[in-house]
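Q: Mind looking over this structure? Questions follow.
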Amino acid sequence: MVDLRTFLADHPAAVFHVEEPVAAEHVLTALQHQLDAAGRFPIVIANRVRLTDGSVSDIPVVTNLTASRELVATALGLADHRRSAAWFSGRTGRPVPPTLVKQGDAPVQQVVLQQDADLGRLPVLTQHELEPGPYLTAAHATTRDPDSGVDNTAIQRCWIRGPRLMTWFPYPSSHNAYNLRKYWARGESCPVAFWIGHHPAVLMGTQAKLAYPQSHWEAAGGVLGSALRVVPSLTHGDSILVPADAEIVIEGFARPDRLSADGPFGEYTGYLGPQVTAPLVDVTCITRRRNAMYHDYGSGLTDMLVPDNMAMEGKLYGMVKAVAPSLQNVHVPASGRRFHAYLQMKEPQAGEARDAITAALAYRRLKTVIAIDEDVDPFSPDEVLWSLATRVQWSRDSFALDGLSTSTLDPSLPGGAQTGSKLGIDATLPPRLRPGAPRPVPPRAASPEQARARAAELLAGADAGAWPRD
Amino acid sequence: MGNRTVFLHEKGGNTAWLACPGCSCWFPVAPRMLDPAAPACICPACHTEFKPEKHAAT
């Protein structure tokens, strides 16, 4: 079975259980901030979360589930998270249609709440200061294109406003927003379902960056290597399917032109996104597993950045490889949020590094792309900065592109701007003057292989416990 | 047409701040929230709903 609880059972040593009662406000997110700062990435399970009415929820909160690239790679069946870009690009390009499960047979429909549905009974967290209240942060908003019937699912935030009322912020350029606008243009309510909690491989598959309209269920199947089990939602039937093995599903409608203020809310940028306008959703039904777990993503933290960045790496790999065959690997570091990407290239031909950079910068969110050589580790910030320090002449090797699409959540944008200024940096070495010759630059200072092996032996036997790290 | 000088390298922000008339909490809002046609702002601290054109803003 591919589901959240199976994954947790397979990795007990990676879990930090918080057994003491904790408030649903702020504490668990503060814990995640401190874990990130310490460079430690356990899954966090809070078994006794106190709701706003003072009662302790019988639904545990699972957060920090995807803060570790190593664990996410393990969930995908990969031995090395550093090799995920090419793998993910390939697997999302081989879609597998989902398997339909009958209503009533799906674990996520073991409990059905309709008139008695109450969002307030879920242990939804309030994460950061200045946020107006509890937000669903791992809710996959699922809609359909009314023209083609193709599904779309994407993580989008929802502010809990009442027992059966919440906002929903489909980012304006998102495919869910396209679908919403189509329904509203016809004067119709937009049917929507939000599924929460699943195996990290399913979470990764449904974060694949696809064209519109293109099914996320099939992309998720490609990543899994097998069909995703889906079930018709109770409110919307076959028109909105949801993963049968998810933990919780919230179903409802976004009625035309019913809008509310939403936010401020902590975003992937590390800043609070400002208060905006968002549709309101009238909740018709909540279904869940009998012993459901509630999944929360720490907004702006590695927990949220890792899966999306790994999915971006896969997307960029495909985009860039099509024009730059010497591309070896792609890394979107958490430090750059989703704005930076490093392209590792093996002996690019003349102009090829710039081709690669330009292709990557066409991806809306990216703002800075650096091309590096094969001998530079894209997962080492020190090595990337070293290549900038020693392989770049700014007037020759950097170029800015203005007026490209961008994320309007970027705090550095001028007020009212819809496009941004982007930077490409070619930090690769000049090409060989002829085949077999060394590249016309000094070699790296390196130790012979025998000496490296002997040094490793000496270190293996040493007691390094008290050695300084800085 | 008056004299206009464009300072390309001077930074300006992109976020307006409002003060809640109920509790004086300052919070950031997108520029579109200042549009009279936008829904009422909601103070994140006390949940007072108000239209921004009547209240303190940056």
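Identifiers for the structure tokens are assigned positionally: chains receive A, B, ... in sequence, residues are indexed from 1 per chain, and ligands are indexed from 1 in the order shown.
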Restrict the distance test to only C-alpha atoms, flag each residue of chain A within 8 Å of chain B, and return the flagged residues as a list of chain:residue names.
A: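 Going by the stated atoms only, the list reads A:Leu130, A:Glu131, A:Pro132, A:Gly133, A:Leu259, A:Ser260, A:Ala261, A:Asp262, A:Gly263, A:Pro264, A:Gly273, A:Pro274, A:Gln275, A:Val276, A:Thr277, A:Pro411, A:Ser412, A:Leu413, A:Pro414, A:Gly415, A:Gly416.
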Q: From a DSSP calculation on the backbone, collect every residue of stretch 130-261 of chain A in helix (DSSP H, G or I) and output the set as a list in words.
A: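 Residues meeting the helix (DSSP H, G or I) criterion: His175, Asn176, Ala177, Tyr178, Asn179, Leu180, Arg181, Lys182, Tyr183, Trp184, Ala185, Pro200, Ala201, Val202, Leu203, Met204, Gly205, His216, Trp217, Glu218, Ala219, Ala220, Gly221, Gly222, Val223 and Leu224 of chain A.
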Q: Give me, as a ChimeraX atom specification, all polymer residues having an atom no more than 8 Å from stretch 300-315 of chain A, counting only C-alpha atoms and skipping those fewer than 4 positions away in the same chain.
A: /A:32-33,36,63-69,72,84-89,203-204,207-209,266-271,319,330-334,337-338
Q: Write the residues of the preceding selection, restricted to N, CA and C atoms, as a compact mmCIF listing (two decimals), in the first residue's frame.
A:
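Writing done, so here's result-v2.txt:
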```
# COMPACT_ATOMS: atom_id res chain seq x y z
N GLN A 32 10.00 23.94 13.58
CA GLN A 32 10.55 23.71 12.25
C GLN A 32 11.62 24.74 11.90
N HIS A 33 11.38 25.99 12.25
CA HIS A 33 12.41 27.02 12.01
C HIS A 33 13.72 26.65 12.71
N ASP A 36 15.42 23.74 10.97
CA ASP A 36 16.07 24.18 9.73
C ASP A 36 17.39 24.88 10.05
N THR A 63 4.14 17.04 10.31
CA THR A 63 4.76 18.13 9.58
C THR A 63 6.24 17.85 9.41
N ASN A 64 6.92 18.67 8.67
CA ASN A 64 8.33 18.42 8.32
C ASN A 64 8.53 17.09 7.59
N LEU A 65 7.46 16.62 6.95
CA LEU A 65 7.50 15.32 6.29
C LEU A 65 8.51 15.29 5.15
N THR A 66 8.66 16.42 4.45
CA THR A 66 9.48 16.45 3.24
C THR A 66 10.61 17.46 3.36
N ALA A 67 11.11 17.69 4.57
CA ALA A 67 12.22 18.64 4.76
C ALA A 67 13.55 18.04 4.33
N SER A 68 13.64 16.73 4.27
CA SER A 68 14.90 16.05 3.94
C SER A 68 14.89 15.58 2.50
N ARG A 69 15.85 16.04 1.71
CA ARG A 69 15.98 15.55 0.33
C ARG A 69 16.29 14.04 0.33
N VAL A 72 13.03 12.17 0.92
CA VAL A 72 12.15 12.26 -0.25
C VAL A 72 12.69 11.35 -1.36
N SER A 84 18.20 13.19 -8.73
CA SER A 84 16.74 13.12 -8.93
C SER A 84 16.26 13.91 -10.15
N ALA A 85 17.01 14.94 -10.60
CA ALA A 85 16.48 15.82 -11.65
C ALA A 85 16.20 15.05 -12.94
N ALA A 86 17.21 14.33 -13.44
CA ALA A 86 17.03 13.59 -14.69
C ALA A 86 15.98 12.50 -14.50
N TRP A 87 16.03 11.84 -13.35
CA TRP A 87 15.07 10.75 -13.08
C TRP A 87 13.65 11.29 -13.10
N PHE A 88 13.41 12.40 -12.40
CA PHE A 88 12.06 12.95 -12.28
C PHE A 88 11.58 13.43 -13.65
N SER A 89 12.47 14.04 -14.42
CA SER A 89 12.09 14.48 -15.76
C SER A 89 11.63 13.31 -16.60
N LEU A 203 2.97 12.87 -3.23
CA LEU A 203 3.09 14.33 -3.10
C LEU A 203 4.03 14.87 -4.17
N MET A 204 5.14 14.17 -4.40
CA MET A 204 6.08 14.61 -5.44
C MET A 204 5.45 14.51 -6.82
N GLN A 207 3.23 17.21 -7.73
CA GLN A 207 3.85 18.52 -7.86
C GLN A 207 4.60 18.64 -9.19
N ALA A 208 4.45 17.66 -10.07
CA ALA A 208 5.07 17.75 -11.39
C ALA A 208 4.58 19.01 -12.09
N LYS A 209 5.52 19.67 -12.78
CA LYS A 209 5.19 20.94 -13.45
C LYS A 209 4.73 20.60 -14.86
N GLY A 266 2.64 33.53 5.36
CA GLY A 266 4.05 33.22 5.09
C GLY A 266 4.19 32.45 3.79
N GLU A 267 5.06 32.93 2.93
CA GLU A 267 5.19 32.32 1.62
C GLU A 267 6.56 31.68 1.43
N TYR A 268 6.75 31.03 0.29
CA TYR A 268 8.01 30.30 0.05
C TYR A 268 9.21 31.24 -0.01
N THR A 269 8.92 32.53 -0.20
CA THR A 269 10.00 33.51 -0.27
C THR A 269 10.69 33.72 1.08
N GLY A 270 10.02 33.29 2.17
CA GLY A 270 10.53 33.57 3.51
C GLY A 270 9.95 34.84 4.09
N TYR A 271 9.10 35.51 3.33
CA TYR A 271 8.42 36.72 3.79
C TYR A 271 6.92 36.42 3.87
N MET A 319 13.58 21.00 -19.85
CA MET A 319 13.59 22.23 -20.66
C MET A 319 14.98 22.52 -21.20
N VAL A 330 20.84 19.44 -12.48
CA VAL A 330 20.21 20.70 -12.10
C VAL A 330 19.97 20.70 -10.59
N HIS A 331 20.25 21.81 -9.96
CA HIS A 331 19.92 21.94 -8.53
C HIS A 331 19.24 23.28 -8.30
N VAL A 332 18.08 23.23 -7.62
CA VAL A 332 17.38 24.44 -7.17
C VAL A 332 17.55 24.47 -5.65
N PRO A 333 18.48 25.26 -5.14
CA PRO A 333 18.80 25.20 -3.71
C PRO A 333 17.71 25.84 -2.86
N ALA A 334 17.50 25.28 -1.68
CA ALA A 334 16.51 25.86 -0.76
C ALA A 334 16.93 27.28 -0.36
N ARG A 337 15.32 29.83 -2.27
CA ARG A 337 13.87 29.61 -2.31
C ARG A 337 13.52 28.91 -3.62
N ARG A 338 12.85 29.55 -4.51
CA ARG A 338 12.65 28.95 -5.84
C ARG A 338 13.18 29.88 -6.92
```
Q: Could you tell me how far atom CA of A:Asn176 lies from atom CA of A:Cys158, in Å and to one decimal?
A: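 Separation between atom CA of A:Asn176 and atom CA of A:Cys158: 13.7 Å.
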Q: Considering only C-alpha atoms, return as a ChimeraX atom specification whatever protein or nucleic-acid residues lie within 9 Å of B:Glu53, sequence-local ones (same chain, fewer than 5 positions apart) excluded.
A: /B:34-36
Q: What would the file look like if the residues just selected were written as a PDB file, in the first residue's frame with N, CA, C and O atoms?
A:
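File written: result30.pdb
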```
ATOM      1  N   LEU B  34      -6.461  48.183  -1.902  1.00  0.00           N
ATOM      2  CA  LEU B  34      -6.799  49.590  -1.674  1.00  0.00           C
ATOM      3  C   LEU B  34      -7.859  50.082  -2.651  1.00  0.00           C
ATOM      4  O   LEU B  34      -8.387  51.194  -2.527  1.00  0.00           O
ATOM      5  N   ASP B  35      -8.170  49.257  -3.643  1.00  0.00           N
ATOM      6  CA  ASP B  35      -9.192  49.598  -4.630  1.00  0.00           C
ATOM      7  C   ASP B  35     -10.557  49.598  -3.939  1.00  0.00           C
ATOM      8  O   ASP B  35     -10.898  48.654  -3.226  1.00  0.00           O
ATOM      9  N   PRO B  36     -11.370  50.648  -4.149  1.00  0.00           N
ATOM     10  CA  PRO B  36     -12.695  50.684  -3.510  1.00  0.00           C
ATOM     11  C   PRO B  36     -13.564  49.475  -3.854  1.00  0.00           C
ATOM     12  O   PRO B  36     -14.448  49.098  -3.083  1.00  0.00           O
TER      13      PRO B  36
END
```
Q: Could you tell me how far atom CA of A:Thr287 lies from atom CA of A:Pro42, in Å and to one decimal?
A: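 Answer for the atom CA of A:Thr287 to atom CA of A:Pro42 separation: 28.5 Å.
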Q: Find the spatial neighbours of A:Val56, counting only C-alpha atoms, within a cut-off of 12 Å - ignore same-chain residues fewer than 6 positions away - and output them as a list in words.
A: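 Counting only C-alpha atoms, the residues come to Glu19, Glu20, Pro21, Val22, Ala23, Ala24, Ala46, Asn47, Arg48, Val49, Arg50, Gly120, Arg121, Leu122 and Pro123 of chain A.
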Q: Figure out the distance between atom CA of A:Ala219 and atom CA of A:Gly90, please, to one decimal in Å.
A: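 These two atoms are separated by 10.6 Å.
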Q: Please, which residues of stretch 18-229 of chain A, numbered as in this document, come out strand (DSSP E) from DSSP, as a PyMOL selection string?
A: chain A and resi 18+22-23+43-46+49-50+61-63+99-100+111-113+135-136+140-144+151-155+158-162+165-167+190-196+229
Q: From the list A:Val231, A:Ile286, A:Val323, A:Ala417, which residue is nearest A:Asp105 when using only C-alpha atoms?
A: A:Val231
